[in-house]
Amino acid sequence: MAITVDGWKGLSMGVFTAVSILGAWLAVVMKERAKQVYVTSGVLFSAGVLLAGGFVHLLFDSNEQFEELSIENFQWAFAITGITVVLLECLELALERVIDNKMNHSEPKRKTEVSGEDQNSKKDGGEDEEREEQEQDDYVDNEEHDHVHTIDAAKPLASILLTVALSIHSILEGIGIGATDNVSALQSEFVAVVFHKGFTAFALGNQLVSSGYWTDKSKRKYFYISIGTFIGVSLFGIGIGWAISYANSGLTAAIFVGITSGSFIFVSALEIIPGEARIIKGERLSILPVVFCFIAGYILMAMLALWA
């Protein structure tokens with residue numbers, strides 16, 4: 001028995017939740033990191049899936065919906081997709097600035113406190129100097145292994161801001177799926193988002209764990225808040241899109257499918273790929289497996305259009 005449009009939307013809510021929880025759980029279980037080449041290969045596979053989903057599937061679907069509405073005086077689907085990429089990049093830059101400002105706000109105070117400790121400990125052989133150097137080494141090492149953004153374990157607000165940055169994409173994906181009334185389009189979106197959710201949840205969970213939000217029980221609530229928010233906004237987005245589809249507004253659905261296309265392209269081309277390229281260069285990873293996985297993700301997702 002074929003799954004209906006509403007069935008796919010309901011299935012999406014359940015599967016996305018399960019995959020997100022699984023990704024975060026794996027990040028907790030894998031306290032000792034898996035080999036970076038495997039993680040990067042998997043993330044780039046999802047990037048290829050998203051890129052094909054945005055260009056091959058959703059952009060085409062949005063353009064087709066505009067044509068069915070006899071709105072052909074302008075390439076609205078391409079324009080909406082493009083402006084979505086632009087606006088998301090602007091939002092990303094703004095959020096990064098907020099995070100940096102929050103992290104640097106208390107830095108002068110920290111330096112003053114450390115300086116005072118150093119002066120009081122000079123008679124003891126400079127032990128505090130060594131501790132400060134070790135803390136600095138740990139801080140640099142932590143930054144070298146960042147995957148999405150830098151998080152300071154002493155600042156839970158930075159964790160929430162990071163979650164907001166990732167959740168923006170999540171809610172747009174959810175709205176796009178909820179607003180879609182075509183089964184084949186839903187299938188394409190479903191596959192793309194499942195891969196993205198798993199790896200994004202793992203990346204978010206991995207950042208939180210490495211920053212001490214899981215191992216320090218007093219901060220563990222921020223781990224749950226971040227993961228719960230990431231999952232919740234996706235479900236909320238699907239609900240909004242679902243309501244839009246029941247309003248029988250073909251124009252609104254076409255717009256949101258275009259927005260989802262732009263979100264997929266942005267996440268893949270401007271967020272995942274540059275970040276992974278820095279990791280590949282910094283850790284001198286083998287190129288062959290990561291390139292193969294990236295190409296395979298794109299080709300497999302693109303080929304889905306042949307039978308979806």
# chains A, B, ... in the order shown; residues from 1 in each chain; ligands from 1
>>> closest_atom_pairs(of="range 177-200 of chain A", to="range 6-13 of chain A", cutoff="10 Å", atoms="only C-alpha atoms", output="CSV")
residue,atom,partner,partner_atom,distance
A:Ile177,CA,A:Lys9,CA,7.0
A:Gly178,CA,A:Lys9,CA,6.3
A:Ala179,CA,A:Lys9,CA,9.4
A:Thr180,CA,A:Lys9,CA,9.0
A:Asp181,CA,A:Asp6,CA,8.6
A:Val183,CA,A:Trp8,CA,7.8
A:Leu186,CA,A:Trp8,CA,7.0
A:Gln187,CA,A:Trp8,CA,7.7
A:Glu189,CA,A:Ser12,CA,9.6
A:Phe190,CA,A:Ser12,CA,6.6
A:Val191,CA,A:Ser12,CA,9.6
A:Val193,CA,A:Ser12,CA,9.0
A:Val194,CA,A:Ser12,CA,8.4
>>> residues_around(residues="Thr260 in chain A", least_positions_apart="4", cutoff="10 Å", atoms="only C-alpha atoms", output="list in words")
Gly53, Gly54, Leu58, Leu59, Ser62, Ile80, Thr81, Thr84, Val85, His169, Ser170, Ile171, Leu172, Glu173, Gly174, Ile175, Gly176, Ile177, Glu189, Ala254, Ile255, Phe256, Phe264, Ile265 and Phe266 of chain A
>>> closest_residue(among="A:Gly198, A:Ser245, A:Asn73, A:Leu88", to="Thr17 in chain A", atoms="only C-alpha atoms")
A:Gly198
>>> atom_distance(atom1="CA of Met301 in chain A", atom2="CA of Val49 in chain A")
5.3 Å
>>> residues_around(residues="Phe199 in chain A", least_positions_apart="4", cutoff="7 Å", atoms="only C-alpha atoms", output="PyMOL selection string")
chain A and resi 23+43+195+203
>>> write_last_selection(atoms="C-alpha atoms", output="compact mmCIF listing (two decimals), in the first residue's frame")
# COMPACT_ATOMS: atom_id res chain seq x y z
CA GLY A 23 23.14 11.20 16.05
CA VAL A 43 29.49 14.55 6.46
CA PHE A 195 21.01 12.17 5.99
CA ALA A 203 28.13 17.33 14.86
>>> atom_distance(atom1="CA of Val37 in chain A", atom2="CA of Val209 in chain A")
19.5 Å
>>> closest_residue(among="A:Gln36, A:Ser70, A:Ser249, A:Thr229", to="Ser286 in chain A", atoms="only C-alpha atoms")
A:Gln36
>>> closest_residue(among="A:Ile259, A:Met103, A:Val28, A:Ala192", to="Ile168 in chain A", atoms="only C-alpha atoms")
A:Ile259
>>> atom_distance(atom1="CA of Ser234 in chain A", atom2="CA of Ser268 in chain A")
18.0 Å
>>> residues_around(residues="range 270-276 of chain A", least_positions_apart="4", cutoff="10 Å", atoms="only C-alpha atoms", output="list in words")
Val39, Thr40, Ser41, Val43, Leu44, Ser46, Ala47, Gly48, Val85, Leu88, Glu89, Glu92, Asp146, His147, Val148, His149, Thr200, Phe264, Ile265, Phe266, Ile280, Lys281, Gly282, Val290 and Phe294 of chain A
>>> residues_around(residues="Ala24 in chain A", least_positions_apart="3", cutoff="6 Å", atoms="only C-alpha atoms", output="list in words")
Ile21, Ala27, Ala201, Phe202 and Gly205 of chain A
